[in-house]
$ cat query06.json   # JSON, C-alpha atoms
[["chain", "number", "residue", "atom", "x", "y", "z"],
["L", 1, "MET", "CA", -82.17, 1.60, 2.57],
["L", 2, "LYS", "CA", -78.67, 1.55, 4.01],
["L", 3, "TYR", "CA", -77.37, 0.63, 0.55],
["L", 4, "ILE", "CA", -78.71, 3.66, -1.29],
["L", 5, "LYS", "CA", -75.69, 5.77, -0.35],
["L", 6, "PHE", "CA", -73.38, 3.23, -1.99],
["L", 7, "PHE", "CA", -75.47, 3.32, -5.14],
["L", 8, "LEU", "CA", -75.22, 7.13, -5.19],
["L", 9, "VAL", "CA", -71.44, 7.09, -4.64],
["L", 10, "GLY", "CA", -71.26, 4.50, -7.41],
["L", 11, "ILE", "CA", -73.14, 6.84, -9.75],
["L", 12, "LEU", "CA", -70.63, 9.59, -8.98],
["L", 13, "PHE", "CA", -67.81, 7.11, -9.68],
["L", 14, "GLY", "CA", -69.37, 6.06, -13.01],
["L", 15, "ILE", "CA", -69.81, 9.68, -14.04],
["L", 16, "VAL", "CA", -66.25, 10.72, -13.19],
["L", 17, "MET", "CA", -64.80, 7.63, -14.92],
["L", 18, "THR", "CA", -66.77, 8.53, -18.06],
["L", 19, "LYS", "CA", -66.34, 12.30, -18.06],
["L", 20, "GLY", "CA", -62.66, 12.04, -17.10],
["L", 21, "GLU", "CA", -62.20, 9.67, -20.06],
["L", 22, "ILE", "CA", -60.63, 7.14, -17.71],
["L", 23, "ILE", "CA", -62.76, 4.42, -19.32],
["L", 24, "SER", "CA", -61.23, 5.21, -22.70],
["L", 25, "TRP", "CA", -58.85, 2.53, -24.02],
["L", 26, "TYR", "CA", -56.93, 5.32, -25.77],
["L", 27, "ARG", "CA", -56.17, 7.16, -22.52],
["L", 28, "ILE", "CA", -54.56, 4.04, -21.07],
["L", 29, "TYR", "CA", -52.50, 3.46, -24.23],
["L", 30, "GLU", "CA", -51.46, 7.11, -24.23],
["L", 31, "MET", "CA", -50.44, 6.86, -20.57],
["L", 32, "PHE", "CA", -48.21, 3.85, -21.21],
["L", 33, "LYS", "CA", -46.68, 5.69, -24.17],
["L", 34, "PHE", "CA", -45.94, 8.68, -21.89],
["L", 35, "GLN", "CA", -47.66, 10.94, -24.45],
["L", 36, "SER", "CA", -50.04, 12.74, -22.12],
["L", 37, "PHE", "CA", -50.14, 14.00, -18.57],
["L", 38, "HIS", "CA", -53.88, 13.31, -18.27],
["L", 39, "MET", "CA", -53.88, 9.93, -16.49],
["L", 40, "TYR", "CA", -50.87, 10.85, -14.35],
["L", 41, "GLY", "CA", -52.69, 14.01, -13.31],
["L", 42, "VAL", "CA", -55.86, 12.06, -12.50],
["L", 43, "ILE", "CA", -54.14, 9.40, -10.39],
["L", 44, "GLY", "CA", -51.59, 11.85, -8.92],
["L", 45, "SER", "CA", -54.15, 14.40, -7.76],
["L", 46, "ALA", "CA", -56.39, 11.64, -6.37],
["L", 47, "VAL", "CA", -53.44, 10.25, -4.40],
["L", 48, "VAL", "CA", -52.40, 13.67, -3.06],
["L", 49, "LEU", "CA", -55.92, 14.28, -1.76],
["L", 50, "GLY", "CA", -56.02, 10.63, -0.64],
["L", 51, "ILE", "CA", -52.93, 11.19, 1.50],
["L", 52, "VAL", "CA", -54.72, 14.10, 3.17],
["L", 53, "SER", "CA", -57.80, 11.91, 3.73],
["L", 54, "MET", "CA", -55.73, 9.12, 5.27],
["L", 55, "TYR", "CA", -54.06, 11.65, 7.57],
["L", 56, "LEU", "CA", -57.46, 12.88, 8.75],
["L", 57, "PHE", "CA", -58.58, 9.27, 9.33],
["L", 58, "ARG", "CA", -55.40, 8.36, 11.22],
["L", 59, "LYS", "CA", -55.59, 11.44, 13.43],
["L", 60, "LYS", "CA", -59.27, 10.63, 14.09],
["L", 61, "MET", "CA", -60.25, 14.06, 12.78],
["L", 62, "VAL", "CA", -62.71, 12.33, 10.48],
["L", 63, "LYS", "CA", -64.81, 9.38, 11.64],
["L", 64, "THR", "CA", -67.51, 7.40, 9.89],
["L", 65, "PHE", "CA", -70.99, 8.88, 9.73],
["L", 66, "GLU", "CA", -71.81, 6.58, 12.64],
["L", 67, "GLY", "CA", -68.95, 8.00, 14.71],
["L", 68, "ASN", "CA", -66.60, 5.00, 14.43],
["L", 69, "GLU", "CA", -62.88, 5.39, 13.86],
["L", 70, "ILE", "CA", -61.73, 4.73, 10.32],
["L", 71, "HIS", "CA", -59.05, 2.07, 9.99],
["L", 72, "VAL", "CA", -57.61, 1.41, 6.56],
["L", 73, "ALA", "CA", -56.60, -2.24, 6.36],
["L", 74, "PRO", "CA", -52.91, -2.66, 5.50],
["L", 75, "LYS", "CA", -52.05, -4.37, 2.21],
["L", 76, "LYS", "CA", -50.54, -7.85, 2.28],
["L", 77, "LYS", "CA", -46.75, -7.84, 2.19],
["L", 78, "GLY", "CA", -44.78, -10.03, -0.19],
["L", 79, "LEU", "CA", -42.54, -9.18, -3.10],
["L", 80, "TYR", "CA", -43.71, -11.95, -5.45],
["L", 81, "ARG", "CA", -47.39, -11.41, -4.81],
["L", 82, "ASN", "CA", -47.26, -7.69, -5.42],
["L", 83, "LEU", "CA", -44.72, -7.65, -8.23],
["L", 84, "LEU", "CA", -45.82, -10.69, -10.27],
["L", 85, "GLY", "CA", -49.51, -10.10, -9.65],
["L", 86, "GLY", "CA", -48.95, -6.47, -10.54],
["L", 87, "ILE", "CA", -47.16, -7.31, -13.79],
["L", 88, "LEU", "CA", -49.91, -9.70, -14.87],
["L", 89, "PHE", "CA", -52.50, -7.07, -14.01],
["L", 90, "GLY", "CA", -50.58, -4.46, -15.99],
["L", 91, "LEU", "CA", -50.45, -6.68, -19.08],
["L", 92, "GLY", "CA", -54.21, -7.06, -18.92],
["L", 93, "TRP", "CA", -54.83, -3.40, -18.12],
["L", 94, "ALA", "CA", -52.92, -2.24, -21.19],
["L", 95, "LEU", "CA", -54.62, -4.80, -23.45],
["L", 96, "ALA", "CA", -58.19, -4.27, -22.21],
["L", 97, "GLY", "CA", -57.57, -0.56, -21.67],
["L", 98, "ALA", "CA", -59.70, -0.95, -18.59],
["L", 99, "CYS", "CA", -59.14, -1.94, -15.00],
["L", 100, "PRO", "CA", -62.02, -3.44, -12.97],
["L", 101, "GLY", "CA", -63.79, -0.13, -12.18],
["L", 102, "PRO", "CA", -64.01, 1.08, -15.78],
["L", 103, "MET", "CA", -65.11, -2.40, -16.93],
["L", 104, "PHE", "CA", -68.38, -1.96, -15.07],
["L", 105, "VAL", "CA", -68.79, 1.66, -16.11],
["L", 106, "LEU", "CA", -68.46, 0.55, -19.75],
["L", 107, "ILE", "CA", -71.54, -1.65, -19.33],
["L", 108, "GLY", "CA", -73.45, 1.55, -18.63],
["L", 109, "LYS", "CA", -71.93, 3.07, -21.73],
["L", 110, "GLY", "CA", -73.53, 0.25, -23.68],
["L", 111, "VAL", "CA", -70.39, -1.67, -24.65],
["L", 112, "VAL", "CA", -71.59, -5.24, -25.12],
["L", 113, "SER", "CA", -68.14, -6.79, -25.62],
["L", 114, "ILE", "CA", -67.04, -5.68, -22.15],
["L", 115, "PHE", "CA", -69.10, -8.56, -20.74],
["L", 116, "ILE", "CA", -66.53, -10.95, -22.25],
["L", 117, "VAL", "CA", -63.75, -9.02, -20.49],
["L", 118, "ILE", "CA", -65.62, -9.12, -17.17],
["L", 119, "PHE", "CA", -66.27, -12.85, -17.62],
["L", 120, "GLY", "CA", -62.53, -13.30, -18.26],
["L", 121, "ALA", "CA", -61.71, -11.26, -15.16],
["L", 122, "THR", "CA", -64.04, -13.35, -13.01],
["L", 123, "LEU", "CA", -62.52, -16.52, -14.44],
["L", 124, "GLY", "CA", -59.08, -15.07, -13.64],
["L", 125, "ALA", "CA", -60.08, -14.38, -10.04],
["L", 126, "PHE", "CA", -61.45, -17.94, -9.79],
["L", 127, "CYS", "CA", -58.23, -19.44, -11.18],
["L", 128, "TYR", "CA", -56.20, -17.38, -8.72],
["L", 129, "GLY", "CA", -58.21, -18.92, -5.89],
["L", 130, "LEU", "CA", -57.74, -22.36, -7.45],
["L", 131, "PHE", "CA", -53.96, -22.09, -7.84],
["L", 132, "LYS", "CA", -53.10, -19.71, -5.05],
["L", 133, "ASP", "CA", -51.33, -22.30, -2.90],
["L", 134, "LYS", "CA", -49.00, -23.13, -5.79],
["L", 135, "LEU", "CA", -48.07, -19.50, -6.51],
["L", 136, "PRO", "CA", -45.22, -17.57, -4.91],
["L", 137, "HIS", "CA", -46.32, -14.84, -2.56],
["J", 1, "MET", "CA", -74.09, 22.73, -18.00],
["J", 2, "GLU", "CA", -71.18, 23.62, -20.26],
["J", 3, "PHE", "CA", -68.81, 22.72, -17.43],
["J", 4, "ILE", "CA", -70.44, 19.32, -16.94],
["J", 5, "SER", "CA", -70.93, 18.36, -20.59],
["J", 6, "GLN", "CA", -67.38, 19.00, -21.75],
["J", 7, "PRO", "CA", -64.71, 16.38, -20.95],
["J", 8, "TRP", "CA", -63.39, 16.79, -17.42],
["J", 9, "ALA", "CA", -59.76, 17.79, -16.96],
["J", 10, "TRP", "CA", -57.47, 15.73, -14.75],
["J", 11, "TYR", "CA", -57.68, 18.31, -11.96],
["J", 12, "VAL", "CA", -61.43, 17.77, -11.82],
["J", 13, "ALA", "CA", -61.46, 13.98, -12.29],
["J", 14, "GLY", "CA", -58.68, 13.21, -9.77],
["J", 15, "PRO", "CA", -60.26, 15.11, -6.86],
["J", 16, "VAL", "CA", -63.69, 13.57, -7.58],
["J", 17, "ILE", "CA", -62.11, 10.10, -7.41],
["J", 18, "ALA", "CA", -60.54, 11.08, -4.08],
["J", 19, "LEU", "CA", -64.02, 12.18, -2.96],
["J", 20, "VAL", "CA", -65.47, 8.79, -3.95],
["J", 21, "MET", "CA", -62.80, 7.06, -1.86],
["J", 22, "PHE", "CA", -63.39, 9.43, 1.05],
["J", 23, "LEU", "CA", -67.14, 8.81, 0.99],
["J", 24, "LEU", "CA", -66.75, 5.02, 0.94],
["J", 25, "PHE", "CA", -64.56, 5.17, 4.06],
["J", 26, "TYR", "CA", -66.88, 7.74, 5.63],
["J", 27, "PHE", "CA", -69.73, 5.30, 5.10],
["J", 28, "GLY", "CA", -67.74, 2.65, 6.95],
["J", 29, "GLU", "CA", -66.47, 0.63, 3.98],
["J", 30, "ARG", "CA", -63.47, 0.80, 1.64],
["J", 31, "PHE", "CA", -62.52, 1.46, -1.99],
["J", 32, "GLY", "CA", -61.58, -1.64, -3.96],
["J", 33, "VAL", "CA", -63.36, -2.77, -7.10],
["J", 34, "SER", "CA", -61.58, -6.02, -7.94],
["J", 35, "SER", "CA", -62.74, -7.79, -4.76],
["J", 36, "ASN", "CA", -66.16, -7.90, -6.43],
["J", 37, "LEU", "CA", -64.74, -10.48, -8.85],
["J", 38, "GLU", "CA", -64.19, -12.81, -5.89],
["J", 39, "THR", "CA", -67.68, -12.07, -4.65],
["J", 40, "PHE", "CA", -69.02, -13.14, -8.07],
["J", 41, "CYS", "CA", -67.12, -16.43, -7.69],
["J", 42, "SER", "CA", -68.54, -16.97, -4.21],
["J", 43, "ILE", "CA", -72.09, -16.21, -5.34],
["J", 44, "GLY", "CA", -71.61, -18.57, -8.27],
["J", 45, "GLY", "CA", -70.77, -21.40, -5.87],
["J", 46, "ALA", "CA", -66.98, -21.44, -6.24],
["J", 47, "GLY", "CA", -66.75, -22.18, -2.52],
["J", 48, "LYS", "CA", -67.79, -25.77, -3.34],
["J", 49, "PHE", "CA", -64.51, -26.27, -5.19],
["J", 50, "VAL", "CA", -62.13, -23.90, -3.47],
["J", 51, "ASP", "CA", -62.17, -22.98, 0.22],
["J", 52, "TYR", "CA", -60.80, -19.53, -0.65],
["J", 53, "PHE", "CA", -64.24, -18.58, -1.94],
["J", 54, "LYS", "CA", -66.12, -19.86, 1.12],
["J", 55, "ILE", "CA", -66.90, -16.43, 2.42],
["J", 56, "ASP", "CA", -70.06, -14.77, 3.62],
["J", 57, "TRP", "CA", -70.52, -12.71, 0.47],
["J", 58, "LYS", "CA", -73.48, -10.87, 1.95],
["J", 59, "GLN", "CA", -71.04, -8.62, 3.78],
["J", 60, "ASN", "CA", -69.83, -7.44, 0.36],
["J", 61, "VAL", "CA", -73.25, -6.51, -0.95],
["J", 62, "TRP", "CA", -72.49, -2.80, -0.45],
["J", 63, "ASN", "CA", -69.66, -3.17, -3.01],
["J", 64, "LEU", "CA", -71.96, -4.87, -5.53],
["J", 65, "ILE", "CA", -74.39, -1.98, -5.04],
["J", 66, "PHE", "CA", -71.48, 0.42, -5.61],
["J", 67, "ILE", "CA", -70.63, -1.15, -8.98],
["J", 68, "ALA", "CA", -74.33, -1.24, -9.90],
["J", 69, "GLY", "CA", -74.28, 2.51, -9.25],
["J", 70, "SER", "CA", -71.17, 2.91, -11.39],
["J", 71, "ILE", "CA", -72.97, 1.19, -14.28],
["J", 72, "ALA", "CA", -75.83, 3.67, -13.81],
["J", 73, "GLY", "CA", -73.30, 6.51, -13.65],
["J", 74, "GLY", "CA", -71.72, 5.42, -16.92],
["J", 75, "PHE", "CA", -75.17, 5.37, -18.51],
["J", 76, "ILE", "CA", -76.14, 8.79, -17.14],
["J", 77, "ALA", "CA", -72.86, 10.41, -18.17],
["J", 78, "THR", "CA", -73.05, 8.95, -21.67],
["J", 79, "GLN", "CA", -76.73, 9.66, -22.31],
["J", 80, "TRP", "CA", -77.23, 13.03, -20.70],
["J", 81, "LEU", "CA", -73.95, 14.63, -19.67],
["J", 82, "SER", "CA", -71.90, 14.36, -22.85],
["J", 83, "THR", "CA", -71.98, 16.24, -26.12],
["J", 84, "THR", "CA", -69.08, 14.48, -27.79],
["J", 85, "GLU", "CA", -67.58, 11.02, -28.05],
["J", 86, "VAL", "CA", -64.21, 12.38, -29.14],
["J", 87, "VAL", "CA", -61.28, 11.71, -26.82],
["J", 88, "ASP", "CA", -58.69, 14.42, -27.38],
["J", 89, "ILE", "CA", -55.57, 12.26, -27.26],
["J", 90, "ASN", "CA", -52.10, 13.30, -28.40],
["J", 91, "THR", "CA", -51.77, 13.46, -32.21],
["J", 92, "GLN", "CA", -48.59, 11.39, -31.91],
["J", 93, "THR", "CA", -50.63, 8.69, -30.13],
["J", 94, "VAL", "CA", -53.08, 8.69, -33.05],
["J", 95, "LYS", "CA", -50.19, 8.22, -35.49],
["J", 96, "ASP", "CA", -48.58, 5.49, -33.38],
["J", 97, "LEU", "CA", -51.88, 3.61, -33.24],
["J", 98, "ALA", "CA", -52.40, 3.91, -36.99],
["J", 99, "ASP", "CA", -48.93, 2.38, -37.41],
["J", 100, "ILE", "CA", -49.85, -0.70, -35.36],
["J", 101, "GLY", "CA", -53.21, -1.16, -37.10],
["J", 102, "ILE", "CA", -55.70, 0.77, -34.97],
["J", 103, "ALA", "CA", -57.40, 3.38, -37.12],
["J", 104, "ASN", "CA", -59.39, 6.51, -36.17],
["J", 105, "ALA", "CA", -57.94, 6.63, -32.67],
["J", 106, "GLY", "CA", -59.73, 9.09, -30.40],
["J", 107, "THR", "CA", -62.87, 9.52, -32.51],
["J", 108, "SER", "CA", -64.68, 7.46, -29.87],
["J", 109, "TYR", "CA", -63.85, 6.04, -26.43],
["J", 110, "LEU", "CA", -62.83, 2.58, -27.62],
["J", 111, "PRO", "CA", -61.17, 1.06, -30.71],
["J", 112, "ASP", "CA", -63.46, -1.03, -32.93],
["J", 113, "GLU", "CA", -60.47, -3.29, -33.56],
["J", 114, "ILE", "CA", -60.97, -4.65, -30.03],
["J", 115, "PHE", "CA", -64.49, -3.82, -28.88],
["J", 116, "SER", "CA", -66.87, -3.84, -31.84],
["J", 117, "ILE", "CA", -69.48, -6.60, -31.99],
["J", 118, "GLU", "CA", -67.97, -7.84, -35.28],
["J", 119, "THR", "CA", -64.54, -8.20, -33.64],
["J", 120, "MET", "CA", -66.03, -9.87, -30.59],
["J", 121, "LEU", "CA", -67.60, -12.53, -32.81],
["J", 122, "THR", "CA", -64.29, -13.51, -34.39],
["J", 123, "LEU", "CA", -62.15, -16.14, -32.66],
["J", 124, "LYS", "CA", -59.17, -13.79, -32.39],
["J", 125, "GLY", "CA", -61.26, -10.91, -31.09],
["J", 126, "PHE", "CA", -62.99, -13.12, -28.53],
["J", 127, "ILE", "CA", -59.68, -14.51, -27.28],
["J", 128, "ILE", "CA", -58.18, -11.02, -26.91],
["J", 129, "LEU", "CA", -61.14, -9.86, -24.80],
["J", 130, "ILE", "CA", -61.19, -12.90, -22.56],
["J", 131, "VAL", "CA", -57.41, -13.11, -22.10],
["J", 132, "ALA", "CA", -57.21, -9.38, -21.29],
["J", 133, "GLY", "CA", -59.90, -9.81, -18.65],
["J", 134, "PHE", "CA", -58.31, -12.99, -17.31],
["J", 135, "MET", "CA", -54.97, -11.25, -16.74],
["J", 136, "VAL", "CA", -56.67, -8.32, -15.02],
["J", 137, "GLY", "CA", -58.69, -10.58, -12.71],
["J", 138, "PHE", "CA", -55.93, -13.06, -11.91],
["J", 139, "GLY", "CA", -53.30, -10.34, -11.49],
["J", 140, "ALA", "CA", -55.49, -8.11, -9.32],
["J", 141, "ARG", "CA", -56.33, -10.88, -6.90],
["J", 142, "TRP", "CA", -52.74, -12.14, -6.79],
["J", 143, "ALA", "CA", -51.49, -8.63, -6.06],
["J", 144, "GLY", "CA", -54.36, -8.07, -3.64],
["J", 145, "GLY", "CA", -55.80, -5.06, -5.39],
["J", 146, "CYS", "CA", -56.25, -3.15, -8.63],
["J", 147, "THR", "CA", -55.98, 0.51, -9.52],
["J", 148, "SER", "CA", -58.46, 1.51, -6.82],
["J", 149, "GLY", "CA", -57.13, -0.63, -3.97],
["J", 150, "HIS", "CA", -53.43, -0.25, -4.71],
["J", 151, "ALA", "CA", -52.82, 2.83, -6.87],
["J", 152, "ILE", "CA", -55.34, 5.08, -5.10],
["J", 153, "VAL", "CA", -55.91, 3.74, -1.57],
["J", 154, "GLY", "CA", -52.59, 1.95, -1.07],
["J", 155, "LEU", "CA", -50.44, 4.79, -2.36],
["J", 156, "SER", "CA", -52.50, 7.30, -0.37],
["J", 157, "ASN", "CA", -51.82, 5.21, 2.72],
["J", 158, "LEU", "CA", -48.09, 5.14, 1.84],
["J", 159, "GLU", "CA", -48.01, 1.34, 1.64],
["J", 160, "ILE", "CA", -44.86, -0.35, 0.36],
["J", 161, "PRO", "CA", -46.80, -3.34, -1.07],
["J", 162, "SER", "CA", -48.82, -0.89, -3.17],
["J", 163, "VAL", "CA", -45.70, 0.87, -4.43],
["J", 164, "ILE", "CA", -44.39, -2.54, -5.55],
["J", 165, "SER", "CA", -47.73, -3.44, -7.14],
["J", 166, "VAL", "CA", -47.97, -0.15, -9.03],
["J", 167, "ILE", "CA", -44.40, -0.65, -10.30],
["J", 168, "GLY", "CA", -45.60, -4.09, -11.45],
["J", 169, "PHE", "CA", -48.66, -2.53, -13.15],
["J", 170, "PHE", "CA", -46.29, -0.34, -15.12],
["J", 171, "ILE", "CA", -43.84, -3.08, -16.01],
["J", 172, "GLY", "CA", -46.73, -5.17, -17.37],
["J", 173, "GLY", "CA", -48.43, -2.21, -19.04],
["J", 174, "LEU", "CA", -45.25, -1.04, -20.74],
["J", 175, "ILE", "CA", -44.43, -4.55, -22.02],
["J", 176, "MET", "CA", -47.95, -4.89, -23.44],
["J", 177, "THR", "CA", -48.06, -1.40, -24.98],
["J", 178, "TRP", "CA", -44.55, -1.25, -26.44],
["J", 179, "PHE", "CA", -43.84, -4.86, -27.37],
["J", 180, "ILE", "CA", -46.99, -7.00, -27.55],
["J", 181, "LEU", "CA", -49.72, -4.70, -28.91],
["J", 182, "PRO", "CA", -47.71, -3.97, -32.10],
["J", 183, "LEU", "CA", -47.73, -7.72, -32.84],
["J", 184, "ILE", "CA", -51.45, -8.28, -32.32],
["J", 185, "PHE", "CA", -53.24, -6.12, -34.89]]

$ encode --input "query06.json" --output "structure tokens"
Amino acid sequence: MKYIKFFLVGILFGIVMTKGEIISWYRIYEMFKFQSFHMYGVIGSAVVLGIVSMYLFRKKMVKTFEGNEIHVAPKKKGLYRNLLGGILFGLGWALAGACPGPMFVLIGKGVVSIFIVIFGATLGAFCYGLFKDKLPH
Amino acid sequence: MEFISQPWAWYVAGPVIALVMFLLFYFGERFGVSSNLETFCSIGGAGKFVDYFKIDWKQNVWNLIFIAGSIAGGFIATQWLSTTEVVDINTQTVKDLADIGIANAGTSYLPDEIFSIETMLTLKGFIILIVAGFMVGFGARWAGGCTSGHAIVGLSNLEIPSVISVIGFFIGGLIMTWFILPLIF
């Protein structure tokens, strides 16, 4: 039962990704061509409200539904990890026109070929784990 | 219903994404989709080959449930909450895409030149799909996050690593869009 709330939040996420056209390959292409404000507005407004959320968490003005303090785990530092990993991710994002969230939402849209992309992404995550000690971080 | 069934503007979509993030933290978890890819590896037994995947994946079940919900959400939005498949992209974008070999841009969510079943069943089409996914998965785990973990949560939390990652996302995305995509189709 404790998982139902995550399923419901997931539904909301799938709906907003679809209705906001964030799962559209064309929106990602258009963003990287700087020909529309749409994606910048989506990410920008989410981040502005996210900054407010983080402030409320940090000041303990909002706690979890169980009353625990909310700590947001810091990201791992490292120029190579973040820059090179980010560049590789960006190459894939612009080619697939989908980052991991939209990939799953596209299953719900009935896009069969997205399973190949998700398989590739899982293989990529596996290969990262396999070669991680040889990569610069 | 008119408000729901039309495409949502950025100032609706962005705040709803922020709400999704807020709710996940409120429910005691976090917002990060690409970690599910590692969970898949762990469930599939990757821990036998690589210690990195020897994790107790049961603690990530909530995130698998979240993506199961997002699949359902995509289905619901497509089947019942949409009246059109048209994506109203810039007319210049449509022209640019026609120039590089992608026709009818914006008449549906995805280009047939990449996602149709016929394309998927060609060697070239299959390779494009799998390589695109591979770069996303490998890159996201190397960087320690994707658009959700870095661009939304990390930037919201004013994290330098996320600023660097998002700059990387754009370097990679711009190279692909401006220099590589024109050579592919």

$ interface_residues --input "query06.json" --of "chain L" --to "chain J" --cutoff "6 Å" --atoms "all atoms listed in the file" --output "ChimeraX atom specification"
/L:6-7,10-11,13-16,18-20,24-25,32,38,41-43,45-47,50-51,64-65,77,81-83,85-92,94-96,100-101,104-105,107-109,113,116-118,120-122,124-125,128-129

$ axis_aligned_box --input "query06.json" --around "segment 31-38 of chain J" --padding-each-side "4 Å" --output "AutoDock Vina command-line options"
--center_x -63.9 --center_y -5.7 --center_z -5.4 --size_x 12.6 --size_y 22.3 --size_z 14.9

$ atom_distance --input "query06.json" --atom1 "atom CA of Cys99 of chain L" --atom2 "atom CA of Leu84 of chain L"
16.6 Å
